[in-house]
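Student: The file below is entry.cif, mmCIF, C-alpha atoms:
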```cif
data_target
#
loop_
_atom_site.label_atom_id
_atom_site.label_comp_id
_atom_site.auth_asym_id
_atom_site.auth_seq_id
_atom_site.Cartn_x
_atom_site.Cartn_y
_atom_site.Cartn_z
CA MET A 1 -6.48 4.23 -19.61
CA ARG A 2 -5.39 0.56 -19.76
CA LYS A 3 -2.74 1.22 -17.10
CA ASN A 4 -5.30 2.86 -14.80
CA SER A 5 -7.77 0.02 -15.28
CA PHE A 6 -5.10 -2.48 -14.21
CA ILE A 7 -4.42 -0.43 -11.07
CA ARG A 8 -8.11 -0.06 -10.21
CA PHE A 9 -8.60 -3.80 -10.70
CA ALA A 10 -5.69 -4.72 -8.45
CA VAL A 11 -6.69 -2.30 -5.72
CA ALA A 12 -10.30 -3.48 -5.85
CA ALA A 13 -9.18 -7.10 -5.67
CA THR A 14 -7.08 -6.32 -2.63
CA ALA A 15 -9.96 -4.54 -0.91
CA VAL A 16 -12.36 -7.42 -1.59
CA ALA A 17 -9.84 -9.91 -0.24
CA VAL A 18 -9.33 -7.80 2.87
CA LEU A 19 -13.04 -7.53 3.63
CA ALA A 20 -13.72 -11.18 2.83
CA GLY A 21 -10.98 -12.53 5.02
CA THR A 22 -11.73 -10.97 8.36
CA ALA A 23 -14.18 -13.49 9.87
CA PHE A 24 -13.10 -16.22 12.27
CA PRO A 25 -14.63 -19.70 12.19
CA ALA A 26 -17.39 -20.07 14.76
CA ASN A 27 -16.43 -22.38 17.60
CA ALA A 28 -19.55 -22.20 19.77
CA ALA A 29 -22.25 -24.06 17.86
CA VAL A 30 -22.25 -27.81 17.29
CA LYS A 31 -21.76 -28.55 13.58
CA PRO A 32 -22.70 -31.65 11.61
CA ALA A 33 -20.03 -33.39 9.53
CA ASN A 34 -21.18 -31.88 6.24
CA LYS A 35 -20.77 -28.33 7.58
CA ALA A 36 -17.78 -28.76 9.88
CA THR A 37 -14.70 -26.59 9.79
CA ILE A 38 -11.60 -26.87 11.94
CA GLY A 39 -12.34 -26.06 15.58
CA ASP A 40 -16.13 -26.37 15.38
CA ASP A 41 -17.79 -28.19 18.26
CA CYS A 42 -19.09 -31.71 17.84
CA THR A 43 -21.01 -33.98 20.21
CA LYS A 44 -19.53 -36.76 22.31
CA ALA A 45 -21.88 -39.11 20.51
CA SER A 46 -20.11 -38.22 17.24
CA THR A 47 -16.61 -38.97 18.59
CA GLY A 48 -14.63 -40.82 15.93
CA LYS A 49 -16.91 -39.74 13.10
CA LYS A 50 -15.24 -38.29 9.99
CA ALA A 51 -16.04 -35.11 8.11
CA PRO A 52 -14.68 -36.06 4.67
CA GLY A 53 -13.00 -33.24 2.74
CA ARG A 54 -13.88 -30.55 5.28
CA GLY A 55 -10.28 -29.83 6.28
CA VAL A 56 -7.66 -27.74 4.54
CA ASP A 57 -6.85 -28.89 0.99
CA GLY A 58 -9.73 -31.35 1.10
CA THR A 59 -8.36 -33.37 4.01
CA ASP A 60 -10.66 -35.02 6.54
CA LEU A 61 -11.66 -33.74 9.96
CA THR A 62 -12.50 -36.07 12.83
CA CYS A 63 -14.77 -35.47 15.79
CA MET A 64 -12.41 -36.05 18.71
CA VAL A 65 -11.27 -34.89 22.11
CA VAL A 66 -8.57 -32.27 21.46
CA PRO A 67 -5.32 -33.54 23.01
CA THR A 68 -3.47 -30.25 23.58
CA GLY A 69 -3.66 -26.47 23.57
CA SER A 70 -6.47 -24.09 24.43
CA TYR A 71 -9.19 -26.59 23.50
CA LYS A 72 -7.66 -29.55 25.33
CA GLY A 73 -10.41 -31.90 26.52
CA ASP A 74 -13.10 -30.37 24.29
CA ASN A 75 -14.92 -32.30 21.57
CA LYS A 76 -14.00 -30.58 18.31
CA TRP A 77 -13.74 -31.25 14.61
CA TRP A 78 -9.97 -31.70 14.42
CA TYR A 79 -7.11 -33.35 12.55
CA ALA A 80 -6.61 -36.79 14.05
CA ASP A 81 -3.24 -37.27 12.37
CA VAL A 82 -1.67 -33.82 12.92
CA LYS A 83 1.84 -33.83 14.40
CA PRO A 84 3.35 -30.88 16.29
CA LEU A 85 6.37 -29.31 14.61
CA LYS A 86 9.74 -29.72 16.32
CA ASN A 87 11.71 -26.71 15.05
CA ILE A 88 10.89 -24.09 12.43
CA ASP A 89 14.02 -22.62 10.83
CA TRP A 90 12.76 -19.15 9.87
CA THR A 91 14.32 -17.08 7.11
CA ILE A 92 13.47 -13.41 7.68
CA PRO A 93 13.97 -11.59 4.33
CA ALA A 94 14.48 -8.15 5.92
CA ASN A 95 15.85 -6.41 8.99
CA PRO A 96 13.83 -6.70 12.23
CA GLY A 97 10.32 -5.37 11.65
CA GLY A 98 7.08 -6.66 10.17
CA TYR A 99 8.42 -9.98 8.89
CA SER A 100 10.18 -10.86 12.15
CA LEU A 101 7.17 -9.72 14.17
CA THR A 102 5.01 -12.08 12.10
CA ALA A 103 7.41 -15.00 12.61
CA ASP A 104 7.44 -14.31 16.35
CA ALA A 105 3.62 -14.16 16.48
CA ILE A 106 3.34 -17.50 14.67
CA THR A 107 5.98 -19.03 16.93
CA ASN A 108 4.31 -17.82 20.12
CA SER A 109 0.88 -19.01 18.99
CA LEU A 110 2.07 -22.46 17.94
CA LYS A 111 3.95 -22.95 21.21
CA ALA A 112 0.91 -21.84 23.21
CA GLU A 113 -1.21 -24.43 21.40
CA GLY A 114 1.31 -27.25 21.85
CA LEU A 115 2.08 -27.34 18.13
CA LEU A 116 5.75 -26.32 18.16
CA THR A 117 8.81 -26.97 20.32
CA ALA A 118 11.42 -24.45 19.14
CA THR A 119 12.51 -22.06 16.38
CA THR A 120 15.63 -20.46 14.95
CA SER A 121 15.76 -17.34 12.80
CA VAL A 122 18.26 -15.95 10.31
CA TYR A 123 17.97 -12.45 8.86
CA LYS A 124 18.65 -12.03 5.14
CA PRO A 125 17.71 -8.43 4.22
CA GLY A 126 18.21 -6.80 0.85
CA ALA A 127 16.81 -6.21 -2.65
CA GLY A 128 13.18 -6.08 -1.58
CA GLY A 129 13.25 -9.62 -0.21
CA ALA A 130 15.18 -11.15 -3.08
CA VAL A 131 18.30 -11.80 -0.97
CA GLY A 132 16.28 -13.71 1.61
CA LEU A 133 14.27 -15.64 -0.96
CA ALA A 134 17.42 -16.64 -2.85
CA ALA A 135 18.96 -17.98 0.38
CA PHE A 136 15.77 -19.79 1.31
CA GLN A 137 15.44 -21.46 -2.06
CA GLU A 138 18.85 -23.04 -1.52
CA ILE A 139 17.57 -24.90 1.55
CA LYS A 140 17.15 -28.64 1.02
CA GLY A 141 16.14 -31.45 3.33
CA LYS A 142 14.59 -29.23 6.01
CA PRO A 143 10.82 -29.87 5.94
CA GLU A 144 10.17 -27.49 8.83
CA ALA A 145 11.99 -24.51 7.31
CA GLY A 146 9.88 -21.46 6.52
CA ILE A 147 10.14 -17.95 5.10
CA ILE A 148 7.76 -15.08 5.79
CA THR A 149 6.60 -13.45 2.59
CA GLY A 150 4.08 -10.78 1.64
CA ILE A 151 3.15 -7.96 -0.67
CA ALA A 152 6.43 -6.20 0.11
CA MET A 153 8.33 -9.16 -1.33
CA THR A 154 6.16 -9.59 -4.43
CA GLY A 155 6.53 -5.89 -5.17
CA GLY A 156 10.21 -5.92 -4.25
CA LEU A 157 11.01 -8.78 -6.62
CA TYR A 158 9.47 -6.79 -9.46
CA SER A 159 11.16 -3.50 -8.62
CA ASN A 160 14.57 -5.15 -8.27
CA LYS A 161 14.11 -7.00 -11.56
CA SER A 162 14.72 -10.29 -9.78
CA THR A 163 14.48 -13.51 -11.79
CA LEU A 164 13.42 -15.45 -8.69
CA ASN A 165 10.00 -17.08 -8.70
CA LEU A 166 8.22 -17.06 -5.34
CA LEU A 167 6.14 -20.02 -6.49
CA ALA A 168 9.31 -22.09 -6.80
CA SER A 169 8.87 -22.48 -3.03
CA THR A 170 5.89 -24.29 -1.48
CA PRO A 171 2.92 -22.08 -0.48
CA ILE A 172 1.69 -22.88 3.03
CA ALA A 173 -0.71 -20.09 4.05
CA LYS A 174 -1.61 -16.40 3.89
CA ILE A 175 -2.38 -15.52 7.49
CA LEU A 176 -2.98 -11.79 7.96
CA ARG A 177 -3.44 -8.32 6.52
CA GLU A 178 -1.78 -5.22 8.00
CA TYR A 179 -2.75 -1.66 7.12
CA GLU A 180 -0.60 1.38 6.49
CA GLY A 181 -0.41 4.64 8.39
CA ILE A 182 0.83 8.05 7.25
CA VAL A 183 2.28 10.31 9.94
CA VAL A 184 4.06 13.61 10.39
CA PRO A 185 6.11 14.99 13.30
CA ALA A 186 4.12 16.91 15.88
CA SER A 187 5.72 20.16 14.68
CA SER A 188 4.52 19.66 11.09
CA LYS A 189 2.23 22.19 9.47
CA TYR A 190 0.09 19.33 8.14
CA ARG A 191 -3.01 18.66 10.22
CA THR A 192 -4.98 16.68 7.61
CA LEU A 193 -4.26 14.34 4.74
CA LYS A 194 -5.87 16.79 2.32
CA GLN A 195 -3.39 19.50 3.25
CA LEU A 196 -0.52 17.19 2.39
CA MET A 197 -2.08 15.98 -0.85
CA ASP A 198 -2.90 19.53 -1.93
CA ASP A 199 0.78 20.45 -1.54
CA LEU A 200 1.78 17.38 -3.56
CA VAL A 201 -0.67 18.33 -6.30
CA ALA A 202 0.99 21.74 -6.50
CA LYS A 203 4.51 20.33 -6.25
CA PRO A 204 4.90 16.50 -6.17
CA ASN A 205 8.37 16.61 -4.65
CA ALA A 206 7.42 19.24 -2.07
CA VAL A 207 8.23 17.01 0.90
CA ALA A 208 10.52 14.05 1.59
CA ILE A 209 8.38 10.97 2.27
CA ALA A 210 10.08 8.20 4.25
CA GLY A 211 9.03 4.61 3.64
CA GLY A 212 10.22 1.05 3.26
CA ASN A 213 11.93 -0.60 0.33
CA LYS A 214 11.40 0.50 -3.24
CA GLY A 215 8.37 -1.30 -4.61
CA GLY A 216 7.21 -2.44 -1.17
CA VAL A 217 3.78 -1.86 0.31
CA ASP A 218 4.74 1.58 1.68
CA HIS A 219 5.83 2.69 -1.78
CA GLN A 220 2.78 1.13 -3.43
CA THR A 221 0.37 2.75 -0.98
CA ILE A 222 1.74 6.30 -1.21
CA GLY A 223 1.99 5.97 -4.99
CA LEU A 224 -1.60 4.81 -5.37
CA LEU A 225 -2.78 7.51 -2.96
CA ALA A 226 -0.94 10.10 -5.02
CA GLN A 227 -2.71 8.85 -8.14
CA LYS A 228 -6.07 9.20 -6.38
CA ALA A 229 -5.20 12.86 -5.77
CA GLY A 230 -4.11 13.39 -9.38
CA VAL A 231 -0.37 13.37 -8.63
CA ASP A 232 2.18 11.58 -10.81
CA PRO A 233 3.69 9.06 -8.35
CA THR A 234 6.97 8.97 -10.24
CA LYS A 235 7.53 12.62 -9.24
CA LEU A 236 7.30 12.02 -5.48
CA ASN A 237 10.36 12.51 -3.29
CA TYR A 238 10.17 9.00 -1.82
CA VAL A 239 13.11 8.21 0.47
CA VAL A 240 13.82 4.50 0.93
CA TYR A 241 14.60 3.01 4.34
CA SER A 242 14.80 -0.61 5.50
CA GLY A 243 11.63 -0.46 7.59
CA GLY A 244 9.53 1.22 10.27
CA PRO A 245 12.29 1.91 12.84
CA GLU A 246 14.45 3.78 10.33
CA VAL A 247 11.42 5.68 9.01
CA ILE A 248 10.68 6.82 12.56
CA THR A 249 14.30 7.87 13.14
CA SER A 250 14.28 9.92 9.95
CA LEU A 251 11.11 11.75 11.00
CA LEU A 252 12.30 12.48 14.53
CA SER A 253 15.60 13.82 13.20
CA ASN A 254 13.81 15.98 10.60
CA ALA A 255 15.61 14.20 7.76
CA THR A 256 12.18 13.63 6.20
CA GLN A 257 8.82 15.34 6.69
CA VAL A 258 6.27 12.55 6.15
CA GLY A 259 6.42 8.86 7.03
CA ILE A 260 4.55 5.78 5.87
CA SER A 261 4.73 2.30 7.39
CA GLY A 262 2.53 -0.23 9.17
CA ALA A 263 0.02 1.83 11.15
CA LEU A 264 0.96 0.27 14.48
CA ASP A 265 4.65 1.18 14.06
CA PHE A 266 3.84 4.80 14.83
CA ALA A 267 1.34 4.31 17.65
CA PRO A 268 3.74 4.83 20.60
CA TYR A 269 5.06 8.04 19.06
CA VAL A 270 1.58 9.37 18.41
CA THR A 271 0.55 8.50 21.97
CA SER A 272 3.60 10.31 23.36
CA GLY A 273 2.81 13.41 21.31
CA LYS A 274 5.86 13.22 19.04
CA MET A 275 3.86 12.44 15.88
CA ARG A 276 0.33 12.51 14.56
CA TYR A 277 -1.53 10.39 12.03
CA LEU A 278 -2.80 11.90 8.81
CA GLY A 279 -4.58 8.72 7.79
CA VAL A 280 -4.72 4.93 7.65
CA SER A 281 -5.29 2.67 4.64
CA SER A 282 -7.93 0.38 6.17
CA ALA A 283 -11.58 0.24 5.13
CA LYS A 284 -12.70 1.04 8.69
CA PRO A 285 -11.02 2.82 11.60
CA ILE A 286 -8.47 0.64 13.39
CA SER A 287 -9.24 -0.10 17.02
CA GLY A 288 -6.87 1.72 19.34
CA ILE A 289 -5.46 4.01 16.64
CA LYS A 290 -6.85 7.53 16.48
CA ALA A 291 -6.71 8.09 12.75
CA LYS A 292 -9.19 8.63 9.95
CA THR A 293 -9.18 6.31 6.95
CA PHE A 294 -8.13 7.53 3.53
CA VAL A 295 -11.66 6.72 2.32
CA SER A 296 -13.34 8.89 4.96
CA GLN A 297 -11.13 11.78 3.84
CA GLY A 298 -12.16 11.52 0.20
CA TYR A 299 -9.46 9.22 -1.20
CA ASP A 300 -10.93 5.95 -2.44
CA LEU A 301 -8.10 3.62 -1.49
CA VAL A 302 -8.07 0.56 0.78
CA TYR A 303 -4.71 -1.15 0.70
CA GLY A 304 -2.69 -3.33 3.01
CA ASN A 305 0.18 -5.71 3.39
CA TRP A 306 -0.71 -9.39 3.54
CA ARG A 307 1.86 -11.79 4.97
CA GLY A 308 2.20 -15.53 4.67
CA ILE A 309 4.40 -18.59 4.95
CA MET A 310 6.34 -20.47 2.28
CA ALA A 311 8.16 -23.79 2.76
CA PRO A 312 11.02 -25.37 0.79
CA ALA A 313 10.41 -26.69 -2.70
CA ASP A 314 11.38 -30.27 -1.78
CA LEU A 315 8.71 -30.62 0.90
CA SER A 316 7.14 -34.09 0.77
CA LYS A 317 3.37 -34.45 0.39
CA ALA A 318 3.04 -35.78 3.95
CA ASP A 319 5.10 -32.96 5.45
CA TYR A 320 3.21 -30.40 3.37
CA LEU A 321 -0.18 -31.63 4.57
CA ASN A 322 0.97 -31.68 8.18
CA PHE A 323 2.38 -28.14 7.94
CA ILE A 324 -0.85 -26.68 6.55
CA LYS A 325 -2.92 -28.56 9.15
CA VAL A 326 -0.78 -27.12 11.95
CA ILE A 327 -1.23 -23.58 10.59
CA ASP A 328 -4.95 -24.17 10.04
CA ILE A 329 -5.33 -25.09 13.73
CA MET A 330 -3.23 -22.08 14.73
CA HIS A 331 -5.40 -19.60 12.88
CA ILE A 332 -8.52 -20.45 14.92
CA SER A 333 -6.70 -20.53 18.25
CA PRO A 334 -7.15 -17.98 21.06
CA ALA A 335 -3.38 -17.45 21.05
CA TRP A 336 -3.41 -16.33 17.41
CA LYS A 337 -6.50 -14.18 17.90
CA ALA A 338 -4.66 -12.42 20.72
CA GLU A 339 -1.68 -11.75 18.42
CA LEU A 340 -4.00 -10.32 15.76
CA THR A 341 -5.65 -8.02 18.28
CA LYS A 342 -2.35 -6.89 19.80
CA ASN A 343 -0.81 -6.07 16.41
CA LYS A 344 -3.96 -4.59 14.81
CA TRP A 345 -3.93 -7.26 12.07
CA ASP A 346 -6.88 -8.67 10.15
CA ASN A 347 -7.35 -12.44 10.16
CA GLU A 348 -7.08 -12.94 6.40
CA PHE A 349 -6.47 -16.66 6.09
CA VAL A 350 -6.14 -18.98 3.10
CA ALA A 351 -3.97 -22.10 3.02
CA GLY A 352 -2.51 -24.76 0.78
CA THR A 353 -3.59 -24.89 -2.85
CA ALA A 354 -5.93 -21.93 -2.27
CA PHE A 355 -2.92 -19.84 -1.22
CA LYS A 356 -1.07 -20.98 -4.32
CA SER A 357 -4.04 -19.89 -6.46
CA PHE A 358 -4.04 -16.52 -4.68
CA LEU A 359 -0.34 -16.02 -5.51
CA GLU A 360 -0.84 -17.00 -9.14
CA LYS A 361 -3.41 -14.20 -9.43
CA HIS A 362 -1.79 -11.72 -7.07
CA ILE A 363 1.72 -11.61 -8.58
CA PRO A 364 0.67 -10.36 -12.05
CA GLU A 365 -1.78 -7.91 -10.41
CA ILE A 366 1.01 -6.41 -8.30
CA ASN A 367 3.29 -6.30 -11.34
CA ALA A 368 0.60 -4.25 -13.10
CA VAL A 369 0.34 -1.89 -10.12
CA MET A 370 4.11 -1.48 -10.04
CA LYS A 371 4.27 -0.77 -13.75
CA GLY A 372 1.47 1.75 -13.43
CA LEU A 373 3.40 3.53 -10.66
CA GLY A 374 6.50 3.75 -12.82
CA ILE A 375 8.47 1.56 -10.42
#
```
Please go through the file and, once you have read it, give me the structure as structure tokens.

Tutor:
Amino acid sequence: MRKNSFIRFAVAATAVAVLAGTAFPANAAVKPANKATIGDDCTKASTGKKAPGRGVDGTDLTCMVVPTGSYKGDNKWWYADVKPLKNIDWTIPANPGGYSLTADAITNSLKAEGLLTATTSVYKPGAGGAVGLAAFQEIKGKPEAGIITGIAMTGGLYSNKSTLNLLASTPIAKILREYEGIVVPASSKYRTLKQLMDDLVAKPNAVAIAGGNKGGVDHQTIGLLAQKAGVDPTKLNYVVYSGGPEVITSLLSNATQVGISGALDFAPYVTSGKMRYLGVSSAKPISGIKAKTFVSQGYDLVYGNWRGIMAPADLSKADYLNFIKVIDIMHISPAWKAELTKNKWDNEFVAGTAFKSFLEKHIPEINAVMKGLGI
């Protein structure tokens, strides 16, 4: 019972965070200093006025004419001292996929807003993110270095019994939430999620289920869904692949019968008639994806992969504050909103010390989920 209560608590916490983090700051109405947030309008008469403590990590906003980007020339509550980044050296702790897509979306958005000149990327896959994190934590003297992290890494560190501490790096921001999709090939006998789960109830290893790394969000989601159906998740025939592309290849070659990954990964194959969705892990239907939620099919589970940015441990206070201000501006930009829409992501944003607090709570919660799943 204690194990189940931990799992219910962690899943509920994730769902609350998902639903709470989807709203964008309003940019239309003029806001007074005591209610200002980044990107809110201010009057020309207020130009130069400060909004003390209203910025990220308690920094100040200033009513000013925005010098660059989508809001150039507009009077906004902004960071007067923010400096564009010159070059982000990304560490991608996996093969091409969700992490690299996230880094690319950040890069494109920052460049569009005049907040970044260039980037480089190095791929360091392996051990659920531990290989990449270990390499990143060796980086010194590069204040604009960054690594993309997320629930797949926090789960992967646990499942691989890594001694690395994610919080040994500097938390910058959690920026999005992505939901999972479960699919089958078009030739599959399964037409509904219930049909699949009923077979798993009768025989947990009845089908080979393809997903990402052991302990990652794919594994967590299918394991928690199995529990909701009364199936022991340790008995599932879960086949580990490096990410969405390999999961898709395994399904199309009939090496596996069911696939789980980010819901958008499968969209082109569903559209072309090669696959069909059995369900998605979001609280509400996802725009542009013809799939029912787990909840609407009788399985009380909302679960998704958050992703965020960490910086090196030796980041100076000044560089840290500038980095989080840059990302704070990015997250209210039209360029970032377009990336969220294109990739079917939720705008779940928290930065700086608030992101650190999230990780301090999230890591033990995920460890409890993993333990409860027998991972």

Student: To one decimal place, how far is CA of Asp346 in chain A from CA of Ala51 in chain A in Å?

Tutor: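 So the two atoms, CA of Asp346 in chain A and CA of Ala51 in chain A, lie 28.1 Å apart.
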
Student: Taking only residues of range 260-312 of chain A that have an atom at most 12 Å from an atom of range 99-110 of chain A, what is each one's shortest atom pair and its distance in Å to one decimal, using only C-alpha atoms, in chain and number order, as JSON lines?

Tutor:
```
{"residue": "A:Gly262", "atom": "CA", "partner": "A:Tyr99", "partner_atom": "CA", "distance": 11.4}
{"residue": "A:Leu264", "atom": "CA", "partner": "A:Leu101", "partner_atom": "CA", "distance": 11.8}
{"residue": "A:Asp265", "atom": "CA", "partner": "A:Leu101", "partner_atom": "CA", "distance": 11.2}
{"residue": "A:Asn305", "atom": "CA", "partner": "A:Tyr99", "partner_atom": "CA", "distance": 10.8}
{"residue": "A:Trp306", "atom": "CA", "partner": "A:Tyr99", "partner_atom": "CA", "distance": 10.6}
{"residue": "A:Arg307", "atom": "CA", "partner": "A:Thr102", "partner_atom": "CA", "distance": 7.8}
{"residue": "A:Gly308", "atom": "CA", "partner": "A:Thr102", "partner_atom": "CA", "distance": 8.7}
{"residue": "A:Ile309", "atom": "CA", "partner": "A:Ala103", "partner_atom": "CA", "distance": 9.0}
{"residue": "A:Met310", "atom": "CA", "partner": "A:Ala103", "partner_atom": "CA", "distance": 11.7}
```

Student: Could those selected residues go to a file with C-alpha atoms, as an mmCIF file, in the coordinates of the input?

Tutor:
```
data_model
loop_
_atom_site.group_PDB
_atom_site.id
_atom_site.type_symbol
_atom_site.label_atom_id
_atom_site.label_comp_id
_atom_site.auth_asym_id
_atom_site.auth_seq_id
_atom_site.Cartn_x
_atom_site.Cartn_y
_atom_site.Cartn_z
ATOM 1 C CA GLY A 262 2.530 -0.230 9.170
ATOM 2 C CA LEU A 264 0.960 0.270 14.480
ATOM 3 C CA ASP A 265 4.650 1.180 14.060
ATOM 4 C CA ASN A 305 0.180 -5.710 3.390
ATOM 5 C CA TRP A 306 -0.710 -9.390 3.540
ATOM 6 C CA ARG A 307 1.860 -11.790 4.970
ATOM 7 C CA GLY A 308 2.200 -15.530 4.670
ATOM 8 C CA ILE A 309 4.400 -18.590 4.950
ATOM 9 C CA MET A 310 6.340 -20.470 2.280
#
```

Student: Give the answer as one residue: which of A:Val30, A:Ala134, A:Ala173, A:Leu167 has the shortest atom-to-atom distance to Leu321 in chain A, using only C-alpha atoms?

Tutor: A:Ala173

Student: May I ask which of the residues A:Lys342, A:Leu224, A:Gly97, A:Glu180 is the closest one to Ile366 in chain A, counting all atoms listed in the file?

Tutor: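 Under the stated criterion, the closest residue is A:Leu224.
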
Student: Rank A:Glu113, A:Thr43, A:Ile363, A:Gly48 by their smallest atom-to-atom distance to His331 in chain A, using all atoms listed in the file, and report the top residue only.

Tutor: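 Once distances to His331 in chain A are computed over all atoms listed in the file, the minimum belongs to A:Glu113.
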